[in-house]
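A.B. asks: What follows is upload_18.cif, mmCIF, C-alpha atoms.
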data_entry
loop_
_atom_site.label_atom_id
_atom_site.label_comp_id
_atom_site.auth_asym_id
_atom_site.auth_seq_id
_atom_site.Cartn_x
_atom_site.Cartn_y
_atom_site.Cartn_z
CA MET A 1 -21.57 19.48 45.50
CA SER A 2 -18.30 21.46 45.24
CA CYS A 3 -17.17 23.54 42.21
CA ARG A 4 -14.15 21.27 41.80
CA GLU A 5 -16.34 18.20 41.50
CA LEU A 6 -18.43 19.87 38.77
CA GLU A 7 -15.55 21.46 36.87
CA LYS A 8 -14.94 18.69 34.33
CA GLU A 9 -18.61 18.03 33.75
CA LEU A 10 -19.15 21.73 33.17
CA ALA A 11 -16.31 21.98 30.66
CA GLU A 12 -17.44 18.86 28.81
CA SER A 13 -21.06 20.04 28.58
CA ALA A 14 -19.97 23.42 27.23
CA ARG A 15 -17.57 21.80 24.76
CA LEU A 16 -20.19 19.48 23.33
CA GLY A 17 -22.99 22.05 23.48
CA ALA A 18 -24.95 19.65 25.65
CA ALA A 19 -27.78 20.67 27.93
CA LEU A 20 -26.92 21.25 31.57
CA SER A 21 -27.37 18.31 33.86
CA GLY A 22 -29.66 18.65 36.85
CA ARG A 23 -26.87 19.20 39.35
CA LEU A 24 -25.15 21.82 37.13
CA SER A 25 -28.46 23.63 36.62
CA ALA A 26 -28.89 23.70 40.35
CA HIS A 27 -25.31 24.83 41.01
CA LEU A 28 -24.74 27.59 38.44
CA PRO A 29 -27.27 30.19 39.66
CA ASP A 30 -25.62 30.11 43.09
CA CYS A 31 -21.95 30.17 41.97
CA ARG A 32 -20.63 33.16 40.07
CA GLN A 33 -17.25 31.54 39.44
CA CYS A 34 -18.74 28.44 37.81
CA ARG A 35 -21.21 30.53 35.86
CA GLU A 36 -18.34 32.58 34.43
CA ARG A 37 -16.44 29.42 33.60
CA TRP A 38 -19.50 28.02 31.88
CA GLU A 39 -19.90 31.15 29.76
CA ALA A 40 -16.20 31.24 28.91
CA GLU A 41 -16.21 27.58 27.86
CA ARG A 42 -19.29 28.09 25.71
CA ALA A 43 -17.73 31.11 24.03
CA LEU A 44 -14.53 29.14 23.46
CA SER A 45 -16.51 26.34 21.80
CA GLU A 46 -18.20 28.90 19.59
CA GLU A 47 -14.85 30.32 18.51
CA MET A 48 -13.51 26.80 17.92
CA GLY A 49 -16.42 26.25 15.55
CA LYS A 50 -15.45 29.34 13.57
CA LEU A 51 -11.81 28.27 13.47
CA ARG A 52 -12.91 24.84 12.26
CA LEU A 53 -15.00 26.39 9.50
CA ALA A 54 -12.08 28.59 8.41
CA VAL A 55 -10.06 25.57 7.31
CA ALA A 56 -12.90 23.17 6.52
CA GLY A 57 -12.31 23.06 2.77
CA GLU A 58 -8.54 23.22 2.91
CA ARG A 59 -6.43 20.48 1.37
CA SER A 60 -3.19 20.10 -0.54
CA PRO A 61 -3.21 21.44 -4.11
CA ASP A 62 -3.87 18.90 -6.84
CA TRP A 63 -0.32 19.04 -8.18
CA ARG A 64 0.80 17.35 -4.93
CA ARG A 65 -1.47 14.41 -5.71
CA ARG A 66 -0.14 14.22 -9.27
CA GLN A 67 3.41 14.41 -7.95
CA LEU A 68 2.74 11.50 -5.59
CA MET A 69 1.19 9.39 -8.34
CA ALA A 70 4.15 10.12 -10.63
CA GLU A 71 6.54 9.14 -7.86
CA PHE A 72 4.57 5.93 -7.34
CA SER A 73 4.77 5.07 -11.04
CA SER A 74 8.48 5.76 -11.04
CA LEU A 75 9.01 3.50 -8.01
CA GLU A 76 6.92 0.76 -9.63
CA ARG A 77 8.97 0.94 -12.82
CA ALA A 78 12.17 0.70 -10.78
CA ARG A 79 10.74 -2.26 -8.86
CA LEU A 80 9.83 -4.10 -12.07
CA ARG A 81 13.22 -3.34 -13.62
CA SER A 82 14.88 -4.74 -10.55
CA TRP A 83 12.60 -7.79 -10.62
CA PHE A 84 13.42 -8.53 -14.27
CA ARG A 85 17.10 -7.98 -13.61
CA TRP A 86 17.11 -10.86 -11.15
CA ALA A 87 14.33 -12.96 -12.70
CA TRP A 88 16.19 -13.62 -15.96
CA ILE A 89 18.81 -15.72 -14.15
CA PRO A 90 16.43 -18.48 -12.95
CA ALA A 91 14.48 -18.15 -16.23
CA ALA A 92 17.66 -18.68 -18.25
CA ALA A 93 18.64 -21.59 -16.01
CA ALA A 94 15.21 -23.20 -16.48
CA LEU A 95 15.46 -22.74 -20.24
CA LEU A 96 18.92 -24.27 -20.29
CA VAL A 97 17.71 -27.29 -18.31
CA ALA A 98 14.69 -27.70 -20.61
CA VAL A 99 16.88 -27.56 -23.73
CA SER A 100 19.37 -30.00 -22.20
CA VAL A 101 16.63 -32.49 -21.29
CA GLN A 102 15.08 -32.19 -24.74
CA THR A 103 18.44 -32.75 -26.42
CA TRP A 104 19.17 -35.73 -24.21
CA ARG A 105 15.78 -37.30 -24.89
CA GLY A 106 16.20 -36.79 -28.63
CA GLY A 107 19.11 -39.26 -28.64
CA PRO A 108 22.83 -38.79 -28.27
CA SER A 109 23.64 -39.16 -31.98
CA GLY A 110 21.62 -36.12 -32.98
CA ASN A 111 21.47 -37.30 -36.58
CA VAL A 112 17.83 -38.30 -36.57
CA ALA A 113 15.51 -37.30 -39.33
CA GLY A 114 11.80 -37.58 -39.86
CA GLN A 115 10.24 -39.20 -42.87
CA SER A 116 8.54 -36.13 -44.19
CA ALA A 117 10.82 -33.55 -42.60
CA PRO A 118 14.40 -34.59 -43.10
CA ALA A 119 15.72 -31.59 -41.22
CA GLY A 120 14.29 -32.79 -37.90
CA GLU A 121 12.29 -35.36 -36.06
CA GLU A 122 8.68 -36.00 -36.79
CA PHE A 123 6.07 -37.24 -34.35
CA VAL A 124 3.28 -39.22 -35.94
CA GLU A 125 0.29 -41.06 -34.65
CA PHE A 126 0.92 -44.57 -35.71
CA GLY A 127 -1.19 -47.57 -34.85
CA SER A 128 0.46 -50.93 -34.28
CA GLY A 129 -1.45 -52.29 -37.28
CA ASP A 130 0.43 -49.89 -39.59
CA ILE A 131 3.76 -51.30 -38.63
CA SER A 132 3.59 -54.13 -41.05
CA GLU A 133 5.52 -55.58 -43.89
CA GLU A 134 2.83 -54.31 -46.32
CA ASN A 135 3.92 -50.79 -45.47
CA GLY A 136 7.59 -51.59 -45.95
CA PHE A 137 8.34 -51.93 -42.25
CA ILE A 138 10.01 -54.94 -40.72
CA PRO A 139 8.49 -55.43 -37.26
CA VAL A 140 11.04 -55.97 -34.54
CA PRO A 141 10.31 -59.40 -33.12
CA TYR A 142 9.67 -59.73 -29.38
CA ALA A 143 9.27 -55.97 -28.94
CA PRO A 144 6.61 -55.07 -26.33
CA PRO A 145 3.28 -54.36 -28.06
CA LEU A 146 2.19 -50.73 -28.38
CA ALA A 147 -0.62 -49.64 -26.11
CA THR A 148 -3.84 -48.37 -27.70
CA GLY A 149 -3.35 -44.75 -28.71
CA GLU A 150 0.36 -44.80 -27.90
CA SER A 151 2.20 -42.48 -30.25
CA VAL A 152 5.33 -43.54 -32.00
CA ARG A 153 8.16 -41.55 -33.42
CA ILE A 154 9.93 -42.28 -36.68
CA VAL A 155 13.53 -41.27 -36.86
CA ARG A 156 15.83 -41.66 -39.79
CA ARG A 157 19.23 -42.76 -38.73
CA ALA A 158 22.15 -44.95 -39.66
CA VAL A 159 22.00 -48.54 -38.47
CA ASN A 160 24.50 -51.27 -39.13
CA ARG A 161 23.93 -54.93 -39.70
CA ALA A 162 25.08 -55.95 -36.26
CA GLU A 163 22.51 -53.57 -34.74
CA LEU A 164 19.81 -55.02 -36.97
CA ALA A 165 20.83 -58.48 -35.96
CA GLY A 166 20.67 -57.35 -32.32
CA MET A 167 17.06 -56.34 -32.91
CA GLY A 168 16.40 -59.82 -34.30
CA ILE A 169 16.14 -58.74 -37.93
CA ASP A 170 17.91 -60.90 -40.40
CA PHE A 171 19.37 -59.01 -43.34
CA PRO A 172 19.51 -61.41 -46.28
CA GLY A 173 22.11 -59.42 -48.19
CA GLY A 174 24.79 -61.13 -46.16
CA TYR A 175 27.77 -59.46 -44.58
CA ALA A 176 29.72 -58.73 -47.74
CA ASP A 177 30.29 -55.15 -46.62
CA GLY A 178 31.22 -56.20 -43.11
CA PRO A 179 29.10 -56.16 -39.92
CA ASP A 180 29.76 -52.45 -39.30
CA ALA A 181 28.53 -51.19 -42.67
CA ASP A 182 25.85 -48.54 -42.17
CA PHE A 183 22.41 -48.40 -43.73
CA GLU A 184 20.05 -45.54 -43.65
CA ALA A 185 16.83 -46.64 -42.00
CA ASP A 186 13.58 -45.25 -40.64
CA VAL A 187 13.24 -46.64 -37.14
CA VAL A 188 9.85 -46.63 -35.43
CA LEU A 189 10.28 -45.88 -31.71
CA GLY A 190 7.59 -46.23 -29.10
CA GLU A 191 7.14 -43.79 -26.22
CA ASP A 192 9.55 -45.99 -24.26
CA GLU A 193 12.17 -45.31 -26.96
CA LEU A 194 12.36 -49.01 -27.87
CA PRO A 195 12.38 -49.83 -31.63
CA ARG A 196 9.20 -51.44 -32.92
CA ALA A 197 9.90 -51.60 -36.64
CA VAL A 198 12.56 -50.70 -39.17
CA GLN A 199 12.30 -49.68 -42.80
CA LEU A 200 15.52 -49.69 -44.72
CA VAL A 201 15.71 -46.71 -47.04
CA GLY A 202 16.57 -47.73 -50.57
CA TYR A 203 15.70 -51.36 -49.92
CA ALA A 204 11.99 -51.13 -50.66
CA GLU A 205 12.01 -54.51 -52.31
CA TYR A 206 13.23 -56.06 -49.15
CA MET B 1 -18.18 1.09 2.79
CA GLY B 2 -15.04 0.68 0.71
CA PRO B 3 -12.00 -1.43 1.45
CA SER B 4 -10.17 -0.72 4.69
CA ASP B 5 -7.02 1.41 4.75
CA GLU B 6 -5.00 -1.71 5.42
CA GLU B 7 -6.52 -3.50 2.42
CA LEU B 8 -5.71 -0.50 0.23
CA TYR B 9 -2.17 -0.55 1.58
CA ARG B 10 -1.77 -4.22 0.65
CA ARG B 11 -2.90 -3.38 -2.87
CA ILE B 12 -0.53 -0.41 -3.01
CA ARG B 13 2.35 -2.73 -2.15
CA LYS B 14 1.40 -4.80 -5.18
CA GLY B 15 1.58 -1.74 -7.42
CA ASP B 16 -2.11 -0.77 -7.53
CA ARG B 17 -2.34 2.93 -8.47
CA GLU B 18 -6.09 3.05 -7.93
CA ALA B 19 -5.63 1.92 -4.33
CA LEU B 20 -3.15 4.73 -3.70
CA ALA B 21 -5.52 7.26 -5.27
CA ALA B 22 -8.36 5.98 -3.08
CA LEU B 23 -6.30 6.11 0.11
CA TYR B 24 -5.05 9.60 -0.71
CA GLU B 25 -8.57 10.83 -1.39
CA ARG B 26 -9.78 9.36 1.88
CA ARG B 27 -7.03 10.51 4.23
CA GLU B 28 -5.23 13.47 2.73
CA PRO B 29 -7.69 16.28 3.54
CA ALA B 30 -7.84 15.53 7.28
CA LEU B 31 -4.10 14.94 7.47
CA TYR B 32 -3.44 18.22 5.72
CA ARG B 33 -5.78 20.13 8.05
CA TYR B 34 -4.15 18.43 11.02
CA ALA B 35 -0.71 19.53 9.84
CA LEU B 36 -2.01 22.99 9.01
CA GLN B 37 -3.55 23.44 12.44
CA LEU B 38 -0.40 22.17 14.11
CA THR B 39 1.97 24.39 12.17
CA GLY B 40 -0.17 27.20 10.77
CA ASN B 41 2.04 27.06 7.73
CA ARG B 42 0.60 25.93 4.41
CA ALA B 43 3.94 24.93 2.85
CA THR B 44 4.92 22.89 5.91
CA ALA B 45 1.49 21.25 6.01
CA GLU B 46 1.67 20.34 2.33
CA GLU B 47 5.20 19.06 2.65
CA SER B 48 4.48 17.00 5.77
CA THR B 49 1.38 15.40 4.28
CA HIS B 50 3.09 14.68 0.97
CA GLU B 51 6.14 13.24 2.69
CA ALA B 52 3.98 10.97 4.87
CA PHE B 53 2.43 9.42 1.76
CA LEU B 54 5.81 9.21 0.07
CA GLN B 55 7.20 7.29 3.04
CA LEU B 56 4.26 4.93 2.76
CA ILE B 57 4.97 3.95 -0.85
CA GLN B 58 8.72 3.55 -0.47
CA PRO B 59 10.03 -0.03 -0.78
CA GLY B 60 11.17 0.03 2.84
CA ALA B 61 7.97 1.48 4.32
CA ARG B 62 7.84 0.76 8.03
CA PHE B 63 4.09 0.42 8.46
CA ASP B 64 3.17 -2.73 10.35
CA ALA B 65 -0.54 -3.53 10.67
CA LEU B 66 0.17 -5.51 13.85
CA ARG B 67 1.35 -2.36 15.61
CA GLY B 68 -1.61 -0.13 14.80
CA SER B 69 -3.87 1.25 12.11
CA LEU B 70 -2.63 2.83 8.92
CA GLU B 71 -4.44 6.03 9.83
CA ALA B 72 -2.52 6.25 13.11
CA TYR B 73 0.70 5.58 11.21
CA LEU B 74 -0.03 8.45 8.81
CA TYR B 75 -0.93 10.84 11.62
CA GLY B 76 2.25 9.84 13.43
CA ALA B 77 4.30 10.46 10.30
CA VAL B 78 2.71 13.88 9.72
CA ARG B 79 3.20 14.82 13.37
CA ASN B 80 6.88 13.87 13.31
CA LEU B 81 7.48 15.68 10.03
CA ALA B 82 5.68 18.79 11.24
CA ARG B 83 7.68 18.68 14.47
CA ALA B 84 10.91 18.39 12.47
CA ALA B 85 9.83 21.39 10.39
CA TYR B 86 9.31 23.28 13.64
CA ARG B 87 12.87 22.63 14.64
CA VAL B 88 14.39 23.41 11.24
CA GLN B 89 12.28 26.34 10.10
CA GLY B 90 11.32 27.77 13.45
CA VAL B 91 7.64 27.62 12.63
CA GLY B 92 5.59 28.04 15.74
CA ILE B 93 7.49 30.91 17.20
CA VAL B 94 5.86 31.78 20.48
CA GLY B 95 3.87 34.90 21.00
CA GLU B 96 2.28 37.20 18.48
CA ARG B 97 4.94 36.44 15.88
CA ALA B 98 3.30 33.05 15.42
CA ALA B 99 0.58 34.78 13.48
CA GLU B 100 3.07 36.15 10.95
CA GLY B 101 2.84 34.10 7.78
CA ASP B 102 0.11 32.04 9.36
CA ILE B 103 -2.15 30.97 6.53
CA VAL B 104 -4.99 30.07 8.88
CA ALA B 105 -4.98 33.62 10.18
CA THR B 106 -5.64 34.94 6.69
CA LEU B 107 -8.71 32.75 6.46
CA ILE B 108 -10.23 34.17 9.65
CA GLU B 109 -12.24 37.36 9.61
CA GLU B 110 -13.01 37.87 13.28
CA GLU B 111 -10.46 39.20 15.69
CA THR B 112 -11.38 36.81 18.50
CA THR B 113 -11.16 33.77 16.27
CA ARG B 114 -7.80 34.98 14.98
CA ALA B 115 -6.64 35.40 18.57
CA LEU B 116 -7.80 31.86 19.31
CA ASN B 117 -5.81 30.61 16.32
CA VAL B 118 -2.66 32.25 17.69
CA ALA B 119 -3.37 30.88 21.14
CA VAL B 120 -3.84 27.35 19.80
CA ARG B 121 -0.59 27.64 17.86
CA ASN B 122 1.27 28.61 21.02
CA LEU B 123 0.03 25.72 23.11
CA PRO B 124 2.52 22.96 23.95
CA LEU B 125 2.45 20.29 21.23
CA GLY B 126 0.60 17.67 23.29
CA TYR B 127 -2.13 20.14 24.23
CA ARG B 128 -2.30 21.49 20.69
CA GLU B 129 -2.77 17.99 19.30
CA ALA B 130 -5.63 17.33 21.68
CA VAL B 131 -7.34 20.58 20.68
CA VAL B 132 -6.80 20.03 16.96
CA LEU B 133 -8.05 16.45 16.98
CA CYS B 134 -10.93 16.75 19.47
CA ASP B 135 -12.17 20.30 19.01
CA LEU B 136 -11.18 21.22 15.46
CA GLU B 137 -11.38 17.83 13.76
CA GLU B 138 -14.19 16.70 16.09
CA ARG B 139 -12.65 13.32 16.79
CA SER B 140 -13.74 11.31 19.80
CA TYR B 141 -11.35 10.97 22.75
CA GLU B 142 -10.83 7.34 21.78
CA ASP B 143 -9.96 8.21 18.19
CA ALA B 144 -7.61 10.98 19.24
CA ALA B 145 -5.88 8.70 21.74
CA ARG B 146 -5.43 6.04 19.06
CA LEU B 147 -3.99 8.53 16.59
CA VAL B 148 -1.64 10.14 19.09
CA GLY B 149 -0.75 6.84 20.70
CA CYS B 150 -1.58 7.60 24.32
CA PRO B 151 -4.27 6.64 26.84
CA VAL B 152 -7.74 8.16 26.51
CA GLY B 153 -7.40 9.75 29.95
CA THR B 154 -4.29 11.60 28.80
CA ILE B 155 -6.12 13.13 25.84
CA ARG B 156 -9.03 14.07 28.10
CA SER B 157 -6.84 15.83 30.64
CA ARG B 158 -4.69 17.52 27.98
CA LEU B 159 -7.79 18.91 26.33
CA PHE B 160 -9.22 20.06 29.63
CA ARG B 161 -6.02 21.92 30.52
CA ALA B 162 -5.59 23.27 27.00
CA ARG B 163 -9.07 24.75 26.97
CA ARG B 164 -8.45 26.32 30.35
CA LEU B 165 -5.28 27.94 28.99
CA LEU B 166 -7.07 29.10 25.86
CA ALA B 167 -9.90 30.65 27.82
CA MET B 168 -7.35 32.55 29.90
CA LYS B 169 -5.41 33.73 26.85
CA LEU B 170 -8.55 34.95 25.17
CA ARG B 171 -9.67 37.16 28.02
CA PRO B 172 -7.84 40.22 26.63
CA TYR B 173 -9.54 39.62 23.26
CA GLY B 174 -12.98 39.97 24.63
CA MET B 175 -13.80 36.57 25.94
CA SER B 176 -14.16 37.73 29.47
CA PRO B 177 -17.44 36.61 30.97
CA GLU B 178 -18.58 40.22 31.21
CA ARG B 179 -18.11 40.86 27.50
CA ILE B 180 -19.69 37.55 26.62
CA ALA B 181 -22.68 38.49 28.69
CA ARG B 182 -22.81 41.93 27.02
CA ARG B 183 -22.56 40.35 23.57
CA GLU B 184 -25.39 38.00 24.36
CA ARG B 185 -27.59 40.89 25.50
#
Any chance you could put this one into structure tokens?
C.D. replies:
Amino acid sequence: MSCRELEKELAESARLGAALSGRLSAHLPDCRQCRERWEAERALSEEMGKLRLAVAGERSPDWRRRQLMAEFSSLERARLRSWFRWAWIPAAAALLVAVSVQTWRGGPSGNVAGQSAPAGEEFVEFGSGDISEENGFIPVPYAPPLATGESVRIVRRAVNRAELAGMGIDFPGGYADGPDADFEADVVLGEDELPRAVQLVGYAEY
Amino acid sequence: MGPSDEELYRRIRKGDREALAALYERREPALYRYALQLTGNRATAEESTHEAFLQLIQPGARFDALRGSLEAYLYGAVRNLARAAYRVQGVGIVGERAAEGDIVATLIEEETTRALNVAVRNLPLGYREAVVLCDLEERSYEDAARLVGCPVGTIRSRLFRARRLLAMKLRPYGMSPERIARRER
């Protein structure tokens, strides 16, 4: 076994502080050069251990950690600011669409009024049995029946005689004021927006 | 066993401060020692380590888990920053002057160990990295190769040659076989 063949094994054993292998144990007593190399490598490993210990507890001072965390917070704030800066555009667009749809569904006239809240519309749970002449409502003939639990909406709005006639409601007062004369009426609308009943305001006796 | 570095990184990208604190606590000490052993300069080591973490949290951070581990990325960043500091500040001046302002030297009491510190500092960068990672940080060859980004055989041969050079450089400081033998008697 030549020195060259054992060189790497020798260095590795010394570096790791491992026990000599059989062939190294057999070779070292007969080879001064390898023995010296073995001793030098072992001494080097020993010194490496001391050098390692010298810096074992070393680390950056704590203010570096705080500085990094502060920088992170600052970057996060900037990221969120940037996010909000761009996010308000789609949010505003969505809001605009929602308001537009709501306005459109509320009816183009915009002059609706609820029975108990004249300033706006009122949604009420209203069974089909309540839409009766006893309650002052004139049912619209031939209107599709309300489904069980279907909610209806009462809107106060102006209707004219021709419109009432179109619904199939005969107004006995005649057409003295002309077919376009307006009446204020509470109109019961189903979820399909079709009128189900009408109550003429100020014509309770009717 | 806590979350992996990569998992912490994903949480950091979502703004999780705790994840950053955990990653820093896990990796900073070894990175700092690595930079310190490479440069011998405390300020440069602090700066390099800090900058590596700063790069990681920037919006345009270039870490890609498909290309390697986060640990290797951080070591690579520290190595590049320390190397840049070498060029700009002239840290790592060859010869005895390398020991001037060397913070590691002030931590060492024994003359031979101090001489070894100087000798390590004067090794070529590739050799120095192998010594720092394998001998001083006690990493395996495989780990060191992964962190440096080279084959295991390259690390092995660099370390072998580096140790040979170190042993030669330490002869005048009393590491001759004769003195070792005397010391052991």
A.B. asks: Would you work out the distance separating CA of Met168 in chain B from CA of Ser140 in chain B, expressed in Å to one decimal?
C.D. replies: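 According to the coordinates, CA of Met168 in chain B and CA of Ser140 in chain B are separated by 24.4 Å.
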A.B. asks: Would you translate the PyMOL selection byres ((chain A) within 8 of (chain B)) into the concrete set of residues it matches in this file, as a PDB file with C-alpha atoms, in the coordinates of the input?
C.D. replies:
ATOM      1  CA  LYS A   8     -14.940  18.690  34.330  1.00  0.00           C
ATOM      2  CA  ALA A  11     -16.310  21.980  30.660  1.00  0.00           C
ATOM      3  CA  GLU A  36     -18.340  32.580  34.430  1.00  0.00           C
ATOM      4  CA  ARG A  37     -16.440  29.420  33.600  1.00  0.00           C
ATOM      5  CA  GLU A  39     -19.900  31.150  29.760  1.00  0.00           C
ATOM      6  CA  ALA A  40     -16.200  31.240  28.910  1.00  0.00           C
ATOM      7  CA  GLU A  41     -16.210  27.580  27.860  1.00  0.00           C
ATOM      8  CA  ALA A  43     -17.730  31.110  24.030  1.00  0.00           C
ATOM      9  CA  LEU A  44     -14.530  29.140  23.460  1.00  0.00           C
ATOM     10  CA  SER A  45     -16.510  26.340  21.800  1.00  0.00           C
ATOM     11  CA  GLU A  47     -14.850  30.320  18.510  1.00  0.00           C
ATOM     12  CA  MET A  48     -13.510  26.800  17.920  1.00  0.00           C
ATOM     13  CA  GLY A  49     -16.420  26.250  15.550  1.00  0.00           C
ATOM     14  CA  LYS A  50     -15.450  29.340  13.570  1.00  0.00           C
ATOM     15  CA  LEU A  51     -11.810  28.270  13.470  1.00  0.00           C
ATOM     16  CA  ARG A  52     -12.910  24.840  12.260  1.00  0.00           C
ATOM     17  CA  ALA A  54     -12.080  28.590   8.410  1.00  0.00           C
ATOM     18  CA  VAL A  55     -10.060  25.570   7.310  1.00  0.00           C
ATOM     19  CA  ALA A  56     -12.900  23.170   6.520  1.00  0.00           C
ATOM     20  CA  GLU A  58      -8.540  23.220   2.910  1.00  0.00           C
ATOM     21  CA  ARG A  59      -6.430  20.480   1.370  1.00  0.00           C
ATOM     22  CA  SER A  60      -3.190  20.100  -0.540  1.00  0.00           C
ATOM     23  CA  ARG A  64       0.800  17.350  -4.930  1.00  0.00           C
ATOM     24  CA  ARG A  65      -1.470  14.410  -5.710  1.00  0.00           C
ATOM     25  CA  LEU A  68       2.740  11.500  -5.590  1.00  0.00           C
ATOM     26  CA  MET A  69       1.190   9.390  -8.340  1.00  0.00           C
ATOM     27  CA  GLU A  71       6.540   9.140  -7.860  1.00  0.00           C
ATOM     28  CA  PHE A  72       4.570   5.930  -7.340  1.00  0.00           C
ATOM     29  CA  SER A  73       4.770   5.070 -11.040  1.00  0.00           C
ATOM     30  CA  LEU A  75       9.010   3.500  -8.010  1.00  0.00           C
ATOM     31  CA  GLU A  76       6.920   0.760  -9.630  1.00  0.00           C
TER      32      GLU A  76
END
A.B. asks: Using the chain letters and numbers from the file, give me the residues hit by the PyMOL selection byres ((chain B and resi 4) around 12), as a list in words.
C.D. replies: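 Selected by the PyMOL selection byres ((chain B and resi 4) around 12) here: Met1, Gly2, Pro3, Asp5, Glu6, Glu7, Leu8, Tyr9, Arg10, Arg11, Ala19, Ala22, Leu23, Arg26, Arg27, Ala65, Ser69, Leu70 and Glu71 of chain B.
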A.B. asks: Skip range 179-192 of chain A itself and residues of its chain fewer than 2 positions away, then list as a ChimeraX atom specification all residues within 8 Å of it, counting only C-alpha atoms.
C.D. replies: /A:114-115,146,150-162,175,177,194-201
A.B. asks: In Å, rounded to a single decimal, give me how far CA of Gln55 in chain B is from CA of Val78 in chain B.
C.D. replies: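 Pair CA of Val78 in chain B / CA of Gln55 in chain B returns 10.4 Å.
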A.B. asks: Report, in Å to a single decimal, how far apart CA of Tyr127 in chain B and CA of Cys31 in chain A are.
C.D. replies: 28.4 Å
